[in-house]
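What follows is the content of my_file_34.cif (mmCIF, C-alpha atoms).
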data_upload
#
loop_
_atom_site.group_PDB
_atom_site.id
_atom_site.type_symbol
_atom_site.label_atom_id
_atom_site.label_comp_id
_atom_site.auth_asym_id
_atom_site.auth_seq_id
_atom_site.Cartn_x
_atom_site.Cartn_y
_atom_site.Cartn_z
ATOM 1 C CA MET A 347 -3.450 -5.113 -14.213
ATOM 2 C CA ALA A 348 -2.670 -4.053 -10.714
ATOM 3 C CA LYS A 349 0.716 -4.967 -9.318
ATOM 4 C CA ALA A 350 1.014 -6.301 -5.781
ATOM 5 C CA PHE A 351 2.440 -3.924 -3.195
ATOM 6 C CA LYS A 352 6.088 -4.495 -2.473
ATOM 7 C CA TYR A 353 8.695 -3.170 -0.101
ATOM 8 C CA GLY A 354 11.863 -1.772 -1.640
ATOM 9 C CA LEU A 355 14.231 1.164 -1.707
ATOM 10 C CA LYS A 356 11.435 3.695 -2.256
ATOM 11 C CA GLY A 357 9.394 2.248 0.584
ATOM 12 C CA ILE A 358 6.117 0.463 -0.043
ATOM 13 C CA THR A 359 4.985 0.811 -3.649
ATOM 14 C CA GLY A 360 2.092 -0.454 -5.698
ATOM 15 C CA PHE A 361 0.571 0.104 -9.108
ATOM 16 C CA LEU A 362 -3.090 0.331 -10.069
ATOM 17 C CA GLU A 363 -4.777 0.865 -13.433
ATOM 18 C CA PRO A 364 -7.162 3.850 -13.787
ATOM 19 C CA THR A 365 -10.236 1.574 -13.708
ATOM 20 C CA GLU A 366 -8.984 -0.119 -10.541
ATOM 21 C CA ARG A 367 -8.360 3.259 -8.928
ATOM 22 C CA GLU A 368 -11.871 4.389 -9.873
ATOM 23 C CA LEU A 369 -13.304 1.215 -8.368
ATOM 24 C CA LEU A 370 -11.378 1.668 -5.119
ATOM 25 C CA ARG A 371 -12.311 5.325 -4.950
ATOM 26 C CA SER A 372 -16.024 4.537 -5.209
ATOM 27 C CA LEU A 373 -15.754 1.745 -2.611
ATOM 28 C CA ILE A 374 -13.950 4.110 -0.250
ATOM 29 C CA ASP A 375 -16.540 6.851 -0.851
ATOM 30 C CA ASP A 376 -19.324 4.377 -0.023
ATOM 31 C CA VAL A 377 -17.734 3.445 3.295
ATOM 32 C CA ILE A 378 -17.100 7.112 4.136
ATOM 33 C CA SER A 379 -20.769 7.931 3.504
ATOM 34 C CA MET A 380 -21.786 5.081 5.838
ATOM 35 C CA LEU A 381 -19.507 6.430 8.572
ATOM 36 C CA GLU A 382 -20.267 10.147 8.371
ATOM 37 C CA PRO A 383 -22.178 10.992 11.546
ATOM 38 C CA ALA A 384 -25.637 12.401 10.935
ATOM 39 C CA GLU A 385 -26.005 16.073 11.817
ATOM 40 C CA ARG A 386 -29.003 16.344 14.118
ATOM 41 C CA GLU A 387 -31.156 19.289 15.048
ATOM 42 C CA GLY A 388 -30.500 20.670 18.483
ATOM 43 C CA GLN A 389 -27.209 18.855 18.890
ATOM 44 C CA ASP A 390 -25.042 20.299 21.645
ATOM 45 C CA PRO A 391 -22.150 21.856 19.663
ATOM 46 C CA LEU A 392 -19.767 21.720 22.618
ATOM 47 C CA ALA A 393 -20.469 18.039 23.219
ATOM 48 C CA ALA A 394 -19.903 17.370 19.503
ATOM 49 C CA LEU A 395 -16.656 19.320 19.619
ATOM 50 C CA ILE A 396 -15.187 17.129 22.348
ATOM 51 C CA GLY A 397 -16.448 13.970 20.680
ATOM 52 C CA LEU A 398 -19.464 13.184 22.849
ATOM 53 C CA ASP A 399 -22.693 12.027 21.278
ATOM 54 C CA MET A 400 -25.443 11.423 23.796
ATOM 55 C CA ASP A 401 -28.017 10.613 21.074
ATOM 56 C CA VAL A 402 -26.015 7.797 19.511
ATOM 57 C CA ALA A 403 -27.726 4.425 19.000
ATOM 58 C CA GLU A 404 -26.508 0.946 18.150
ATOM 59 C CA PRO A 405 -26.324 0.824 14.320
ATOM 60 C CA THR A 406 -29.186 -1.008 12.604
ATOM 61 C CA ASP A 407 -27.234 -1.647 9.384
ATOM 62 C CA ARG A 408 -25.158 -4.806 9.860
ATOM 63 C CA ALA A 409 -22.187 -3.449 7.932
ATOM 64 C CA VAL A 410 -22.094 -0.261 10.014
ATOM 65 C CA LYS A 411 -22.395 -2.366 13.165
ATOM 66 C CA ARG A 412 -19.427 -4.457 12.057
ATOM 67 C CA LEU A 413 -17.398 -1.256 11.576
ATOM 68 C CA LEU A 414 -18.541 0.116 14.952
ATOM 69 C CA PRO A 415 -19.090 -2.978 17.113
ATOM 70 C CA ASN A 416 -20.362 -3.189 20.682
ATOM 71 C CA VAL A 417 -17.520 -3.102 23.188
ATOM 72 C CA VAL A 418 -19.144 -5.366 25.789
ATOM 73 C CA LYS A 419 -20.533 -8.681 24.594
ATOM 74 C CA ASP A 420 -24.202 -9.241 25.502
ATOM 75 C CA ASP A 421 -24.470 -5.904 27.297
ATOM 76 C CA GLY A 422 -26.234 -3.337 25.126
ATOM 77 C CA ALA A 423 -26.488 -0.737 27.884
ATOM 78 C CA ALA A 424 -22.783 -0.714 28.745
ATOM 79 C CA SER A 425 -21.916 -0.742 25.040
ATOM 80 C CA LEU A 426 -24.227 2.195 24.376
ATOM 81 C CA GLU A 427 -22.677 4.206 27.180
ATOM 82 C CA PHE A 428 -19.262 3.555 25.622
ATOM 83 C CA ARG A 429 -20.560 4.598 22.180
ATOM 84 C CA GLN A 430 -21.647 7.961 23.584
ATOM 85 C CA LEU A 431 -18.061 8.649 24.591
ATOM 86 C CA THR A 432 -16.109 7.079 21.727
ATOM 87 C CA GLU A 433 -18.127 6.429 18.599
ATOM 88 C CA ARG A 434 -17.767 9.873 17.088
ATOM 89 C CA SER A 435 -13.988 9.830 17.292
ATOM 90 C CA LEU A 436 -13.857 6.229 16.030
ATOM 91 C CA ARG A 437 -15.882 7.306 12.987
ATOM 92 C CA GLU A 438 -13.447 10.181 12.465
ATOM 93 C CA THR A 439 -10.406 7.888 12.736
ATOM 94 C CA LYS A 440 -11.837 5.574 10.113
ATOM 95 C CA ILE A 441 -12.898 8.390 7.786
ATOM 96 C CA GLY A 442 -9.410 9.906 8.160
ATOM 97 C CA ALA A 443 -7.728 6.678 7.013
ATOM 98 C CA LEU A 444 -10.209 6.242 4.141
ATOM 99 C CA ARG A 445 -9.705 9.845 2.935
ATOM 100 C CA ALA A 446 -5.911 9.496 3.152
ATOM 101 C CA ALA A 447 -6.038 6.354 0.999
ATOM 102 C CA ALA A 448 -8.376 8.032 -1.511
ATOM 103 C CA LEU A 449 -5.894 10.920 -1.901
ATOM 104 C CA ASP A 450 -3.161 8.447 -2.917
ATOM 105 C CA LEU A 451 -5.381 7.229 -5.769
ATOM 106 C CA ASP A 452 -4.575 10.220 -7.966
ATOM 107 C CA LYS A 453 -1.572 8.515 -9.566
ATOM 108 C CA ASP A 454 -1.005 5.077 -11.143
ATOM 109 C CA GLU A 455 2.035 4.426 -9.026
ATOM 110 C CA ILE A 456 1.366 4.439 -5.309
ATOM 111 C CA VAL A 457 4.299 5.189 -3.011
ATOM 112 C CA LEU A 458 3.476 4.889 0.678
ATOM 113 C CA THR A 459 5.141 6.169 3.845
ATOM 114 C CA PRO A 460 4.796 3.880 6.892
ATOM 115 C CA GLU A 461 1.890 6.056 8.091
ATOM 116 C CA GLY A 462 0.318 6.014 4.629
ATOM 117 C CA ALA A 463 0.601 2.224 4.480
ATOM 118 C CA LYS A 464 -1.138 1.955 7.842
ATOM 119 C CA HIS A 465 -3.997 4.147 6.592
ATOM 120 C CA TRP A 466 -4.263 2.047 3.429
ATOM 121 C CA SER A 467 -4.397 -1.228 5.350
ATOM 122 C CA MET A 468 -7.116 0.151 7.644
ATOM 123 C CA ALA A 469 -9.096 1.545 4.686
ATOM 124 C CA LEU A 470 -8.888 -1.692 2.687
ATOM 125 C CA ASN A 471 -9.923 -3.642 5.770
ATOM 126 C CA ASP A 472 -13.028 -1.499 6.300
ATOM 127 C CA VAL A 473 -13.922 -1.772 2.602
ATOM 128 C CA ARG A 474 -13.623 -5.572 2.870
ATOM 129 C CA LEU A 475 -15.721 -5.704 6.052
ATOM 130 C CA VAL A 476 -18.519 -3.830 4.283
ATOM 131 C CA LEU A 477 -18.309 -5.962 1.122
ATOM 132 C CA ALA A 478 -18.310 -9.116 3.266
ATOM 133 C CA GLU A 479 -21.558 -8.035 4.934
ATOM 134 C CA ARG A 480 -23.133 -7.345 1.532
ATOM 135 C CA LEU A 481 -21.976 -10.812 0.394
ATOM 136 C CA ASP A 482 -23.318 -12.346 3.603
ATOM 137 C CA ILE A 483 -19.984 -13.911 4.567
ATOM 138 C CA ARG A 484 -20.778 -15.399 8.000
ATOM 139 C CA ASP A 485 -18.186 -18.139 8.393
ATOM 140 C CA GLU A 486 -15.018 -19.576 6.865
ATOM 141 C CA GLU A 487 -17.077 -21.719 4.494
ATOM 142 C CA ASP A 488 -18.853 -18.663 3.046
ATOM 143 C CA ALA A 489 -15.464 -16.962 2.699
ATOM 144 C CA GLU A 490 -14.093 -19.993 0.864
ATOM 145 C CA HIS A 491 -17.108 -20.020 -1.457
ATOM 146 C CA VAL A 492 -16.596 -16.342 -2.342
ATOM 147 C CA HIS A 493 -12.870 -16.880 -2.719
ATOM 148 C CA ARG A 494 -13.486 -19.435 -5.485
ATOM 149 C CA MET A 495 -14.898 -16.685 -7.714
ATOM 150 C CA GLN A 496 -11.805 -15.581 -9.621
ATOM 151 C CA ASP A 497 -12.880 -15.281 -13.245
ATOM 152 C CA TRP A 498 -14.188 -11.885 -14.363
ATOM 153 C CA SER A 499 -15.894 -13.507 -17.381
ATOM 154 C CA GLN A 500 -18.192 -15.264 -14.858
ATOM 155 C CA ALA A 501 -19.437 -11.958 -13.451
ATOM 156 C CA GLU A 502 -23.024 -12.079 -14.615
ATOM 157 C CA ASP A 503 -24.917 -10.763 -11.592
ATOM 158 C CA VAL A 504 -24.397 -8.314 -8.760
ATOM 159 C CA GLU A 505 -23.345 -11.001 -6.311
ATOM 160 C CA SER A 506 -20.635 -12.509 -8.490
ATOM 161 C CA TYR A 507 -19.393 -9.031 -9.379
ATOM 162 C CA LEU A 508 -19.218 -8.138 -5.665
ATOM 163 C CA ALA A 509 -17.377 -11.392 -4.966
ATOM 164 C CA LEU A 510 -14.753 -10.543 -7.577
ATOM 165 C CA VAL A 511 -14.371 -7.035 -6.166
ATOM 166 C CA TYR A 512 -14.015 -8.528 -2.676
ATOM 167 C CA ASN A 513 -11.328 -10.933 -3.885
ATOM 168 C CA PHE A 514 -9.457 -8.088 -5.587
ATOM 169 C CA THR A 515 -9.424 -5.993 -2.380
ATOM 170 C CA THR A 516 -8.387 -9.072 -0.363
ATOM 171 C CA TRP A 517 -5.470 -9.720 -2.705
ATOM 172 C CA LEU A 518 -4.450 -6.055 -2.570
ATOM 173 C CA GLN A 519 -4.603 -5.897 1.242
ATOM 174 C CA GLU A 520 -2.668 -9.147 1.635
ATOM 175 C CA SER A 521 0.157 -7.889 -0.585
ATOM 176 C CA LEU A 522 0.194 -4.576 1.306
ATOM 177 C CA VAL A 523 0.336 -6.241 4.740
ATOM 178 C CA GLN A 524 3.146 -8.564 3.598
ATOM 179 C CA ALA A 525 5.113 -5.497 2.429
ATOM 180 C CA MET A 526 4.397 -3.754 5.753
ATOM 181 C CA LEU A 527 5.566 -6.779 7.783
ATOM 182 C CA GLN A 528 8.732 -6.877 5.683
ATOM 183 C CA SER A 529 9.418 -3.180 6.269
ATOM 184 C CA MET A 530 8.828 -3.595 10.034
ATOM 185 C CA GLU A 531 11.361 -6.385 10.098
ATOM 186 C CA THR A 532 13.930 -4.292 8.266
ATOM 187 C CA ARG A 533 13.476 -1.431 10.736
ATOM 188 C CA ARG A 534 13.793 -3.664 13.815
ATOM 189 C CA MET B 1133 -9.969 -15.027 9.769
ATOM 190 C CA THR B 1134 -8.965 -15.806 6.282
ATOM 191 C CA ILE B 1135 -5.688 -17.076 4.995
ATOM 192 C CA SER B 1136 -3.273 -15.373 2.703
ATOM 193 C CA VAL B 1137 -4.255 -15.299 -0.950
ATOM 194 C CA ALA B 1138 -1.160 -13.604 -2.300
ATOM 195 C CA PRO B 1139 2.155 -15.381 -2.297
ATOM 196 C CA GLY B 1140 4.086 -13.685 0.468
ATOM 197 C CA PRO B 1141 7.799 -13.319 0.875
ATOM 198 C CA ASP B 1142 9.330 -16.386 2.450
ATOM 199 C CA THR B 1143 11.880 -14.519 4.494
ATOM 200 C CA ARG B 1144 9.938 -13.605 7.585
ATOM 201 C CA GLU B 1145 11.922 -15.093 10.437
ATOM 202 C CA GLY B 1146 11.549 -12.293 12.957
ATOM 203 C CA ILE B 1147 14.372 -11.080 15.110
ATOM 204 C CA ARG B 1148 13.635 -12.112 18.660
ATOM 205 C CA THR B 1149 13.742 -9.321 21.164
ATOM 206 C CA GLY B 1150 13.241 -9.255 24.891
ATOM 207 C CA THR B 1151 9.834 -7.592 24.566
ATOM 208 C CA ALA B 1152 7.768 -10.696 25.296
ATOM 209 C CA GLU B 1153 9.510 -11.425 28.550
ATOM 210 C CA SER B 1154 9.499 -7.839 29.723
ATOM 211 C CA THR B 1155 5.773 -7.323 29.041
ATOM 212 C CA ASP B 1156 4.960 -10.638 30.713
ATOM 213 C CA SER B 1157 6.705 -9.683 33.902
ATOM 214 C CA LEU B 1158 4.727 -6.432 34.014
ATOM 215 C CA ALA B 1159 1.409 -8.250 34.281
ATOM 216 C CA ALA B 1160 0.271 -7.955 37.862
ATOM 217 C CA PRO B 1161 -2.006 -10.816 38.954
ATOM 218 C CA ASP B 1162 -4.733 -8.534 40.305
ATOM 219 C CA ILE B 1163 -5.351 -6.500 37.158
ATOM 220 C CA PRO B 1164 -9.047 -6.963 36.580
ATOM 221 C CA TRP B 1165 -9.947 -6.435 32.864
ATOM 222 C CA ASN B 1166 -9.248 -8.346 29.645
ATOM 223 C CA LEU B 1167 -9.176 -7.238 26.035
ATOM 224 C CA VAL B 1168 -10.675 -10.011 23.890
ATOM 225 C CA ILE B 1169 -10.287 -10.350 20.115
ATOM 226 C CA TRP B 1170 -12.907 -12.477 18.309
ATOM 227 C CA ASN B 1171 -12.504 -14.492 15.145
ATOM 228 C CA ASP B 1172 -14.244 -13.410 11.981
ATOM 229 C CA PRO B 1173 -14.056 -14.807 8.451
ATOM 230 C CA VAL B 1174 -12.898 -11.556 6.844
ATOM 231 C CA ASN B 1175 -9.819 -10.215 8.597
ATOM 232 C CA LEU B 1176 -6.590 -11.536 7.127
ATOM 233 C CA MET B 1177 -4.376 -13.565 9.441
ATOM 234 C CA SER B 1178 -1.377 -11.495 8.343
ATOM 235 C CA TYR B 1179 -3.235 -8.258 9.128
ATOM 236 C CA VAL B 1180 -4.265 -9.415 12.607
ATOM 237 C CA SER B 1181 -0.652 -10.346 13.344
ATOM 238 C CA TYR B 1182 0.522 -6.983 11.968
ATOM 239 C CA VAL B 1183 -1.918 -5.153 14.287
ATOM 240 C CA PHE B 1184 -0.711 -7.123 17.342
ATOM 241 C CA GLN B 1185 2.918 -6.373 16.431
ATOM 242 C CA SER B 1186 2.557 -2.712 15.526
ATOM 243 C CA TYR B 1187 0.033 -1.621 18.167
ATOM 244 C CA PHE B 1188 1.023 -3.697 21.202
ATOM 245 C CA GLY B 1189 4.697 -3.988 20.260
ATOM 246 C CA TYR B 1190 4.513 -7.776 20.550
ATOM 247 C CA PRO B 1191 7.276 -9.753 18.818
ATOM 248 C CA GLU B 1192 6.256 -11.675 15.710
ATOM 249 C CA SER B 1193 6.198 -15.044 17.513
ATOM 250 C CA LYS B 1194 3.814 -13.826 20.217
ATOM 251 C CA ALA B 1195 1.620 -11.940 17.726
ATOM 252 C CA ASN B 1196 1.301 -15.050 15.556
ATOM 253 C CA LYS B 1197 0.530 -17.259 18.552
ATOM 254 C CA LEU B 1198 -2.308 -14.965 19.666
ATOM 255 C CA MET B 1199 -3.561 -14.651 16.077
ATOM 256 C CA MET B 1200 -3.676 -18.462 15.733
ATOM 257 C CA GLU B 1201 -5.546 -18.705 19.023
ATOM 258 C CA VAL B 1202 -8.177 -16.265 17.729
ATOM 259 C CA HIS B 1203 -8.405 -18.253 14.506
ATOM 260 C CA LYS B 1204 -8.648 -21.721 16.095
ATOM 261 C CA LYS B 1205 -10.465 -21.098 19.372
ATOM 262 C CA GLY B 1206 -12.662 -18.244 18.179
ATOM 263 C CA ARG B 1207 -11.275 -15.734 20.673
ATOM 264 C CA SER B 1208 -8.158 -14.767 22.549
ATOM 265 C CA ILE B 1209 -7.290 -12.492 25.446
ATOM 266 C CA VAL B 1210 -4.591 -10.310 23.961
ATOM 267 C CA ALA B 1211 -4.040 -7.787 26.760
ATOM 268 C CA HIS B 1212 -4.878 -7.116 30.401
ATOM 269 C CA GLY B 1213 -5.142 -3.884 32.263
ATOM 270 C CA SER B 1214 -7.348 -1.434 34.053
ATOM 271 C CA LYS B 1215 -10.812 -0.874 32.603
ATOM 272 C CA GLU B 1216 -9.628 2.412 31.047
ATOM 273 C CA GLN B 1217 -6.586 0.764 29.488
ATOM 274 C CA VAL B 1218 -8.453 -2.112 27.852
ATOM 275 C CA GLU B 1219 -11.205 0.252 26.673
ATOM 276 C CA ARG B 1220 -8.589 2.422 25.012
ATOM 277 C CA HIS B 1221 -7.141 -0.672 23.345
ATOM 278 C CA ALA B 1222 -10.630 -1.736 22.227
ATOM 279 C CA VAL B 1223 -11.240 1.588 20.455
ATOM 280 C CA ALA B 1224 -7.856 1.248 18.747
ATOM 281 C CA MET B 1225 -8.718 -2.318 17.667
ATOM 282 C CA HIS B 1226 -12.069 -1.120 16.289
ATOM 283 C CA GLY B 1227 -10.127 1.537 14.399
ATOM 284 C CA PHE B 1228 -8.139 -1.272 12.757
ATOM 285 C CA GLY B 1229 -11.377 -3.169 12.068
ATOM 286 C CA LEU B 1230 -10.715 -5.996 14.521
ATOM 287 C CA TRP B 1231 -13.647 -7.278 16.542
ATOM 288 C CA ALA B 1232 -12.671 -6.476 20.134
ATOM 289 C CA THR B 1233 -14.584 -6.528 23.413
ATOM 290 C CA VAL B 1234 -13.642 -5.892 27.027
ATOM 291 C CA GLU B 1235 -14.564 -8.127 29.940
ATOM 292 C CA LYS B 1236 -13.862 -8.403 33.632
ATOM 293 C CA ALA B 1237 -11.168 -10.970 34.239
ATOM 294 C CA SER B 1238 -12.576 -14.012 35.991
ATOM 295 C CA GLY B 1239 -10.743 -15.653 38.908
ATOM 296 C CA ALA B 1240 -8.664 -17.852 36.648
ATOM 297 C CA ALA B 1241 -7.500 -15.142 34.289
ATOM 298 C CA GLY B 1242 -6.689 -16.140 30.732
ATOM 299 C CA THR B 1243 -3.987 -18.721 30.362
ATOM 300 C CA SER B 1244 -2.768 -17.113 27.220
ATOM 301 C CA GLY B 1245 -1.983 -13.681 25.972
ATOM 302 C CA ARG B 1246 -0.233 -12.789 29.174
ATOM 303 C CA GLY B 1247 1.357 -9.406 29.193
ATOM 304 C CA LYS B 1248 -0.079 -6.041 29.739
ATOM 305 C CA GLY B 1249 -0.958 -4.287 26.513
ATOM 306 C CA LYS B 1250 1.720 -1.833 25.765
ATOM 307 C CA ARG B 1251 2.297 0.499 22.909
ATOM 308 C CA GLY B 1252 5.346 -0.514 20.971
#

When written as structure tokens, how does the structure in this file appear?
Amino acid sequence: MAKAFKYGLKGITGFLEPTERELLRSLIDDVISMLEPAEREGQDPLAALIGLDMDVAEPTDRAVKRLLPNVVKDDGAASLEFRQLTERSLRETKIGALRAAALDLDKDEIVLTPEGAKHWSMALNDVRLVLAERLDIRDEEDAEHVHRMQDWSQAEDVESYLALVYNFTTWLQESLVQAMLQSMETRR
Amino acid sequence: MTISVAPGPDTREGIRTGTAESTDSLAAPDIPWNLVIWNDPVNLMSYVSYVFQSYFGYPESKANKLMMEVHKKGRSIVAHGSKEQVERHAVAMHGFGLWATVEKASGAAGTSGRGKGKRG
């Protein structure tokens, strides 16, 4: 069984079983593959180098759109213009945090620096956003419904399995953020 | 937003600093853009508060107040600034997975979330 993250003398520490680490690793890999920008023919290499992407489009996949949302509400054109300038580097920021978290999954005991904890919280959040889209969580009531699924012996279909995975990542992120808030307080 | 599911430590009374007052006084009345954070049923309340504290440098009390406003009213203006400033904040918020948009401040600029966004 995983142990909740806690803040102590060694910093922020947590413990995950091998199967839990494998699960997290595959979730993280899934999100990374959703975020990796497609390499296109005839792309301007200089533009790509400085982070511009003039061929970018609003994502069609809802989960990807939740990870990379429009910056101006009800204004697709202004949002698209902003995407051309920023989306590539936003994808890279997210992939960076996800890869950093995946690297920490090599050992049972996880010991995090403040920067590592930040990457973990961002990675877990993106994993949860994607799972929530797959589970069709649209409002607080849906979230509450999913949250009631706590018993692994009830996992008989893909949806209930996903709900349990979502609840596990929620629990893990909550314990991590509580440890991070505690460490911020100590450093103040 | 969703509430905590793990029992958290019960010793979280933050140390009050002068940050809230000093950022408030920096907010010029004619600054024309707002950074808006929208509610969603996934992001943890604790995480949203952590992001407001760590990124903007807001004290715990102010971060929690803005977080509760997002949760209850569906949205909150959490920072003001030039278009470039709030756009930079929006990208950072998207990096954290928060749902952020920018908008031109209307005549009666937000009654809450005063204080120019500032890195802590």

For this session: Using the chain letters and residue numbers of this document, give as a list of chain:residue names the residues selected by the PyMOL selection byres ((chain A and resi 396-401) around 8).
Result: A:Leu392, A:Ala393, A:Ala394, A:Leu395, A:Val402, A:Ala403, A:Arg429, A:Gln430, A:Leu431, A:Thr432, A:Glu433, A:Arg434, A:Ser435

For this session: Please identify every residue of chain A that has at least one atom no more than 7 Å from any atom of chain B, counting all atoms listed in the file, and report them as a count of residues only.
Result: 25

Problem set entry | Expected selection from the PyMOL selection byres ((chain A and resi 510) around 12), given as a PyMOL selection string | chain A and resi 369+474+477-478+481+491-509+511-517

For this session: I would like the residues chosen by the PyMOL selection byres ((chain B and resi 1208) around 7) on the shown file; could you give them as JSON, numbers by chain?
Result: {"B": [1168, 1169, 1170, 1198, 1201, 1202, 1207, 1209, 1210]}

Export C-alpha atoms of the chosen residues as an mmCIF file, in the frame of the given file?
data_model
loop_
_atom_site.group_PDB
_atom_site.id
_atom_site.type_symbol
_atom_site.label_atom_id
_atom_site.label_comp_id
_atom_site.auth_asym_id
_atom_site.auth_seq_id
_atom_site.Cartn_x
_atom_site.Cartn_y
_atom_site.Cartn_z
ATOM 1 C CA VAL B 1168 -10.675 -10.011 23.890
ATOM 2 C CA ILE B 1169 -10.287 -10.350 20.115
ATOM 3 C CA TRP B 1170 -12.907 -12.477 18.309
ATOM 4 C CA LEU B 1198 -2.308 -14.965 19.666
ATOM 5 C CA GLU B 1201 -5.546 -18.705 19.023
ATOM 6 C CA VAL B 1202 -8.177 -16.265 17.729
ATOM 7 C CA ARG B 1207 -11.275 -15.734 20.673
ATOM 8 C CA ILE B 1209 -7.290 -12.492 25.446
ATOM 9 C CA VAL B 1210 -4.591 -10.310 23.961
#

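The two atoms in question, CA of Leu381 in chain A and CA of Ile441 in chain A, are spaced 6.9 Å apart.
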
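For the choices A:Asp452, A:Arg437, A:Glu404, A:Arg445, the atom-to-atom distance to Thr365 in chain A is smallest for A:Asp452 when using only C-alpha atoms.
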
Exercise. From the list A:Asn416, A:Thr532, A:Ser379, A:Thr359, which residue is nearest Val476 in chain A when using all atoms listed in the file?
Worked result: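 Of the candidates, the smallest distance to Val476 in chain A is held by A:Ser379.
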
Exercise. Could you name the residues that touch Leu370 in chain A at 9 Å or less, counting only C-alpha atoms, but leaving out those on the same chain fewer than 5 positions away, as a PyMOL selection string?
Worked result: chain A and resi 365+375+448+451+470+473+515

Could those selected residues go to a file with C-alpha atoms, as a PDB file, in the frame of the given file?
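Final output, selection17.pdb:
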ATOM      1  CA  THR A 365     -10.236   1.574 -13.708  1.00  0.00           C
ATOM      2  CA  ASP A 375     -16.540   6.851  -0.851  1.00  0.00           C
ATOM      3  CA  ALA A 448      -8.376   8.032  -1.511  1.00  0.00           C
ATOM      4  CA  LEU A 451      -5.381   7.229  -5.769  1.00  0.00           C
ATOM      5  CA  LEU A 470      -8.888  -1.692   2.687  1.00  0.00           C
ATOM      6  CA  VAL A 473     -13.922  -1.772   2.602  1.00  0.00           C
ATOM      7  CA  THR A 515      -9.424  -5.993  -2.380  1.00  0.00           C
TER       8      THR A 515
END
